[in-house]
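Have a look at the structure below, then the notes.
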Amino acid sequence: MKPRNAPLQRPFKRLVPAPVLSLALLVLWLLLNRSLSAGHIVLGTVLALAIPLLTAGLRPLPVRIRRPGAVLRLALAVAVDTVRSNVAVARLLLAPGRRRHPAGFVHIPLDVRDPNALAVLATIVCITPGTAWAELALDRSMLLLHVLELDDAATVIANVKRRYEAPLMEIFE
């Protein structure tokens with residue numbers, strides 16, 4: 001059964017595709033200008049409506065999480081890995097002479113293609129101390145990862161694919 005106001009929702013959704021973002025932009029505009037004058041309210045409203053329309057193509061695709069349980073497992077794995085990496089990086093910083101392996105780059109072949117999953121993978125890699133997302137191939141098939149202390153590239157590849165990529169594919173694809 002369709003709601004009675006459905007025809008009114010379509011034009012509103014076209015004019016205001018991201019209402020929360022528009023409201024936040026208006027409030028931010030007014031706060032930055034420290035003014036509630038009519039001119040600032042009108043200009044802020046125009047900007048709050050125009051910016052989301054102009055940047056609609058830059059916003060991520062809608063997300064449909066297919067396996068919520070996998071989200072919890074992935075979050076736990078990331079938390080454990082982040083703590084372990086923090087300890088390892090602290091050890092390297094506090095005792096640089098005890099470094100066991102040099103830094104290096106690893107090429108990781110990727111099976112995941114979903115843009116949201118890739119964004120989450122980039123976030124995971126960047127928040128884990130000792131690793132940095134260096135480059136993604138144009139066809140999204142290969143990730144170049146910098147590792148602060150690289151012992152065995154095959155082990156790094158296997159860990160990223162097993163601990164992060166596989167759960168992300170389960171969640172998003």
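Naming scheme: A, B, ... for chains in displayed order of the structure tokens; residues 1 onward per chain; ligands 1 onward as shown.
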
Using only C-alpha atoms, which protein or nucleic acid residues come within 9 Å of segment 93-99 of chain A? Drop anything in the same chain fewer than 4 positions from it, and give the result as a list of chain:residue names.
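The filter keeps A:Ala88, A:Val89, A:Glu149.
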
Output file for the selection above: C-alpha atoms, as an mmCIF file, in the first residue's frame:
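So part_16.cif came out as:
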data_model
loop_
_atom_site.group_PDB
_atom_site.id
_atom_site.type_symbol
_atom_site.label_atom_id
_atom_site.label_comp_id
_atom_site.auth_asym_id
_atom_site.auth_seq_id
_atom_site.Cartn_x
_atom_site.Cartn_y
_atom_site.Cartn_z
ATOM 1 C CA ALA A 88 54.867 -3.910 17.410
ATOM 2 C CA VAL A 89 55.226 -0.289 16.243
ATOM 3 C CA GLU A 149 58.460 -4.435 9.064
#

What is the atom CA of Pro68 of chain A to atom CA of Ala166 of chain A distance in Å?
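Distance between the two atoms: 14.0 Å.
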
Find the residues near Phe105 of chain A: any atom within 8 Å, counting only C-alpha atoms, skip ones fewer than 3 places away on the same chain, and give them as a tab-separated table (two decimals) with all heavy atoms, in the first residue's frame.
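Wrote result29.tsv, looks like this:
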chain	number	residue	atom	x	y	z
A	144	LEU	N	48.75	-2.02	-3.62
A	144	LEU	CA	50.14	-1.89	-3.21
A	144	LEU	C	50.11	-1.43	-1.76
A	144	LEU	O	49.59	-0.37	-1.44
A	144	LEU	CB	50.89	-0.89	-4.09
A	144	LEU	CG	52.36	-0.68	-3.74
A	144	LEU	CD1	53.15	-1.97	-3.89
A	144	LEU	CD2	52.96	0.41	-4.63
A	145	LEU	N	50.65	-2.26	-0.88
A	145	LEU	CA	50.61	-2.01	0.56
A	145	LEU	C	52.03	-1.81	1.07
A	145	LEU	O	52.93	-2.59	0.75
A	145	LEU	CB	49.96	-3.21	1.26
A	145	LEU	CG	49.75	-3.14	2.75
A	145	LEU	CD1	48.67	-2.13	3.08
A	145	LEU	CD2	49.35	-4.50	3.29
A	146	HIS	N	52.23	-0.76	1.87
A	146	HIS	CA	53.53	-0.56	2.51
A	146	HIS	C	53.45	-1.15	3.91
A	146	HIS	O	52.51	-0.91	4.66
A	146	HIS	CB	53.87	0.92	2.61
A	146	HIS	CG	55.20	1.17	3.24
A	146	HIS	ND1	55.35	1.37	4.60
A	146	HIS	CD2	56.44	1.20	2.70
A	146	HIS	CE1	56.63	1.53	4.86
A	146	HIS	NE2	57.32	1.44	3.74
A	147	VAL	N	54.47	-1.95	4.25
A	147	VAL	CA	54.53	-2.61	5.55
A	147	VAL	C	55.80	-2.15	6.25
A	147	VAL	O	56.88	-2.20	5.67
A	147	VAL	CB	54.51	-4.15	5.40
A	147	VAL	CG1	54.54	-4.84	6.74
A	147	VAL	CG2	53.30	-4.59	4.59
A	150	LEU	N	58.61	-5.87	7.11
A	150	LEU	CA	58.18	-6.91	6.20
A	150	LEU	C	59.10	-8.13	6.28
A	150	LEU	O	60.25	-8.08	5.88
A	150	LEU	CB	58.16	-6.36	4.76
A	150	LEU	CG	57.72	-7.33	3.67
A	150	LEU	CD1	56.30	-7.84	3.94
A	150	LEU	CD2	57.81	-6.65	2.32

Please identify all polymer residues within 9 Å of Leu26 of chain A, counting only C-alpha atoms, omitting same-chain residues fewer than 6 positions from it, and present them as a ChimeraX atom specification.
/A:41,43-49

Atom CA of Phe12 of chain A sits from atom CA of Ala56 of chain A at a separation of 15.1 Å

What residues in chain A get the DSSP label strand (DSSP E or B)? Please answer as a ChimeraX atom specification.
/A:104-109,131-136,142-147

List as a ChimeraX atom specification the protein and nucleic acid residues near segment 157-160 of chain A, meaning an atom at most 8 Å away when only C-alpha atoms are counted, but skip any in the same chain fewer than 6 places from it.
/A:106-108

Spatial neighbours of segment 129-137 of chain A, max dist 12 Å, only C-alpha atoms, sep filter under 2 positions, as a compact mmCIF listing (two decimals) with N, CA, C and O atoms, in the first residue's frame:
# COMPACT_ATOMS: atom_id res chain seq x y z
N VAL A 78 39.87 -6.69 13.32
CA VAL A 78 40.55 -5.39 13.17
C VAL A 78 41.01 -4.89 14.54
O VAL A 78 42.13 -4.38 14.66
N ALA A 79 40.18 -5.02 15.55
CA ALA A 79 40.57 -4.58 16.90
C ALA A 79 41.80 -5.34 17.39
O ALA A 79 42.74 -4.73 17.91
N VAL A 80 41.79 -6.65 17.23
CA VAL A 80 42.93 -7.47 17.67
C VAL A 80 44.19 -7.08 16.89
O VAL A 80 45.26 -6.88 17.47
N ASP A 81 44.07 -6.96 15.57
CA ASP A 81 45.23 -6.61 14.74
C ASP A 81 45.75 -5.21 15.06
O ASP A 81 46.96 -4.98 15.02
N THR A 82 44.85 -4.29 15.37
CA THR A 82 45.27 -2.93 15.70
C THR A 82 46.07 -2.92 17.00
O THR A 82 47.10 -2.25 17.09
N VAL A 83 45.61 -3.66 17.99
CA VAL A 83 46.35 -3.73 19.26
C VAL A 83 47.72 -4.37 19.03
O VAL A 83 48.74 -3.85 19.49
N ARG A 84 47.75 -5.48 18.31
CA ARG A 84 49.03 -6.14 18.02
C ARG A 84 49.98 -5.21 17.27
O ARG A 84 51.17 -5.14 17.58
N SER A 85 49.47 -4.51 16.29
CA SER A 85 50.30 -3.61 15.50
C SER A 85 50.79 -2.43 16.33
O SER A 85 51.93 -1.99 16.15
N ASN A 86 49.94 -1.92 17.21
CA ASN A 86 50.37 -0.84 18.10
C ASN A 86 51.55 -1.27 18.96
O ASN A 86 52.51 -0.52 19.13
N VAL A 87 51.48 -2.47 19.49
CA VAL A 87 52.57 -3.00 20.32
C VAL A 87 53.84 -3.15 19.48
O VAL A 87 54.93 -2.75 19.90
N ALA A 88 53.70 -3.70 18.27
CA ALA A 88 54.87 -3.91 17.41
C ALA A 88 55.50 -2.59 16.99
O ALA A 88 56.73 -2.45 17.00
N VAL A 89 54.69 -1.60 16.65
CA VAL A 89 55.23 -0.29 16.24
C VAL A 89 55.85 0.41 17.44
O VAL A 89 56.92 1.03 17.32
N ALA A 90 55.25 0.30 18.60
CA ALA A 90 55.84 0.91 19.81
C ALA A 90 57.20 0.28 20.10
O ALA A 90 58.16 0.98 20.44
N ARG A 91 57.30 -1.03 19.91
CA ARG A 91 58.58 -1.72 20.11
C ARG A 91 59.63 -1.17 19.14
O ARG A 91 60.77 -0.90 19.53
N LEU A 92 59.23 -0.96 17.89
CA LEU A 92 60.18 -0.44 16.89
C LEU A 92 60.60 0.99 17.21
O LEU A 92 61.76 1.36 17.02
N LEU A 93 59.66 1.79 17.69
CA LEU A 93 59.98 3.19 18.00
C LEU A 93 60.83 3.32 19.26
O LEU A 93 61.71 4.18 19.33
N PRO A 102 63.35 -5.23 7.39
CA PRO A 102 63.21 -3.89 6.80
C PRO A 102 61.77 -3.65 6.34
O PRO A 102 60.98 -4.58 6.18
N ALA A 103 61.46 -2.39 6.10
CA ALA A 103 60.16 -2.03 5.54
C ALA A 103 60.13 -2.44 4.08
O ALA A 103 61.17 -2.63 3.45
N GLY A 104 58.93 -2.57 3.55
CA GLY A 104 58.82 -2.95 2.14
C GLY A 104 57.40 -2.80 1.62
O GLY A 104 56.47 -2.50 2.36
N PHE A 105 57.28 -2.99 0.32
CA PHE A 105 55.99 -2.92 -0.35
C PHE A 105 55.56 -4.33 -0.76
O PHE A 105 56.39 -5.16 -1.14
N VAL A 106 54.25 -4.56 -0.70
CA VAL A 106 53.68 -5.85 -1.08
C VAL A 106 52.55 -5.60 -2.07
O VAL A 106 51.69 -4.75 -1.83
N HIS A 107 52.55 -6.34 -3.17
CA HIS A 107 51.45 -6.30 -4.13
C HIS A 107 50.45 -7.38 -3.72
O HIS A 107 50.80 -8.56 -3.68
N ILE A 108 49.23 -6.95 -3.43
CA ILE A 108 48.19 -7.89 -2.99
C ILE A 108 47.12 -7.98 -4.07
O ILE A 108 46.44 -6.98 -4.35
N PRO A 109 46.95 -9.15 -4.70
CA PRO A 109 45.87 -9.30 -5.68
C PRO A 109 44.52 -9.28 -4.97
O PRO A 109 44.34 -9.93 -3.95
N LEU A 110 43.59 -8.50 -5.51
CA LEU A 110 42.28 -8.35 -4.88
C LEU A 110 41.19 -9.03 -5.68
O LEU A 110 41.16 -8.95 -6.91
N ARG A 113 35.54 -6.20 -5.37
CA ARG A 113 35.38 -5.13 -6.35
C ARG A 113 34.41 -4.04 -5.89
O ARG A 113 34.37 -2.96 -6.45
N PRO A 115 32.94 -0.92 -4.34
CA PRO A 115 33.61 0.30 -3.90
C PRO A 115 33.52 0.53 -2.40
O PRO A 115 34.47 1.03 -1.79
N LEU A 118 36.02 -1.77 -0.75
CA LEU A 118 37.38 -1.25 -0.94
C LEU A 118 37.64 -0.07 -0.02
O LEU A 118 38.74 0.08 0.51
N ALA A 119 36.64 0.78 0.18
CA ALA A 119 36.80 1.91 1.10
C ALA A 119 37.01 1.43 2.53
O ALA A 119 37.86 1.97 3.26
N VAL A 120 36.28 0.40 2.94
CA VAL A 120 36.46 -0.16 4.28
C VAL A 120 37.84 -0.80 4.40
O VAL A 120 38.53 -0.63 5.41
N LEU A 121 38.27 -1.51 3.35
CA LEU A 121 39.60 -2.11 3.37
C LEU A 121 40.68 -1.04 3.49
O LEU A 121 41.63 -1.19 4.26
N ALA A 122 40.51 0.05 2.77
CA ALA A 122 41.48 1.16 2.87
C ALA A 122 41.51 1.72 4.28
O ALA A 122 42.58 2.00 4.83
N THR A 123 40.36 1.86 4.89
CA THR A 123 40.29 2.37 6.27
C THR A 123 40.98 1.41 7.23
O THR A 123 41.75 1.84 8.09
N ILE A 124 40.70 0.13 7.09
CA ILE A 124 41.31 -0.87 7.97
C ILE A 124 42.82 -0.82 7.86
O ILE A 124 43.54 -0.79 8.86
N VAL A 125 43.32 -0.82 6.63
CA VAL A 125 44.77 -0.82 6.41
C VAL A 125 45.40 0.45 6.98
O VAL A 125 46.47 0.41 7.58
N CYS A 126 44.72 1.57 6.82
CA CYS A 126 45.29 2.84 7.28
C CYS A 126 45.24 3.02 8.80
O CYS A 126 46.08 3.71 9.36
N ILE A 127 44.25 2.41 9.46
CA ILE A 127 44.20 2.57 10.93
C ILE A 127 45.07 1.54 11.64
O ILE A 127 45.30 1.66 12.84
N ASP A 139 42.11 -0.95 -12.41
CA ASP A 139 41.04 -1.94 -12.55
C ASP A 139 40.66 -2.57 -11.21
O ASP A 139 39.89 -3.53 -11.18
N ARG A 140 41.21 -2.05 -10.13
CA ARG A 140 40.92 -2.49 -8.75
C ARG A 140 41.32 -3.95 -8.49
O ARG A 140 40.77 -4.60 -7.61
N SER A 141 42.28 -4.44 -9.23
CA SER A 141 42.67 -5.84 -9.08
C SER A 141 43.91 -6.03 -8.21
O SER A 141 44.22 -7.15 -7.82
N MET A 142 44.62 -4.94 -7.91
CA MET A 142 45.88 -5.06 -7.18
C MET A 142 46.04 -3.88 -6.22
O MET A 142 45.83 -2.73 -6.58
N LEU A 143 46.41 -4.21 -5.00
CA LEU A 143 46.67 -3.21 -3.96
C LEU A 143 48.16 -3.20 -3.68
O LEU A 143 48.77 -4.27 -3.53
N LEU A 144 48.75 -2.02 -3.62
CA LEU A 144 50.14 -1.89 -3.21
C LEU A 144 50.11 -1.43 -1.76
O LEU A 144 49.59 -0.37 -1.44
N LEU A 145 50.65 -2.26 -0.88
CA LEU A 145 50.61 -2.01 0.56
C LEU A 145 52.03 -1.81 1.07
O LEU A 145 52.93 -2.59 0.75
N HIS A 146 52.23 -0.76 1.87
CA HIS A 146 53.53 -0.56 2.51
C HIS A 146 53.45 -1.15 3.91
O HIS A 146 52.51 -0.91 4.66
N VAL A 147 54.47 -1.95 4.25
CA VAL A 147 54.53 -2.61 5.55
C VAL A 147 55.80 -2.15 6.25
O VAL A 147 56.88 -2.20 5.67
N LEU A 148 55.66 -1.69 7.48
CA LEU A 148 56.78 -1.13 8.23
C LEU A 148 57.88 -2.15 8.51
O LEU A 148 59.06 -1.85 8.45
N GLU A 149 57.49 -3.38 8.80
CA GLU A 149 58.46 -4.44 9.06
C GLU A 149 58.01 -5.67 8.29
O GLU A 149 57.13 -6.40 8.73
N LEU A 150 58.61 -5.87 7.11
CA LEU A 150 58.18 -6.91 6.20
C LEU A 150 59.10 -8.13 6.28
O LEU A 150 60.25 -8.08 5.88
N VAL A 156 51.86 -11.76 4.52
CA VAL A 156 51.08 -10.52 4.54
C VAL A 156 49.89 -10.65 3.59
O VAL A 156 48.76 -10.30 3.94
N VAL A 160 45.94 -10.50 4.79
CA VAL A 160 45.00 -9.47 4.31
C VAL A 160 43.81 -10.14 3.63
O VAL A 160 42.66 -9.76 3.86
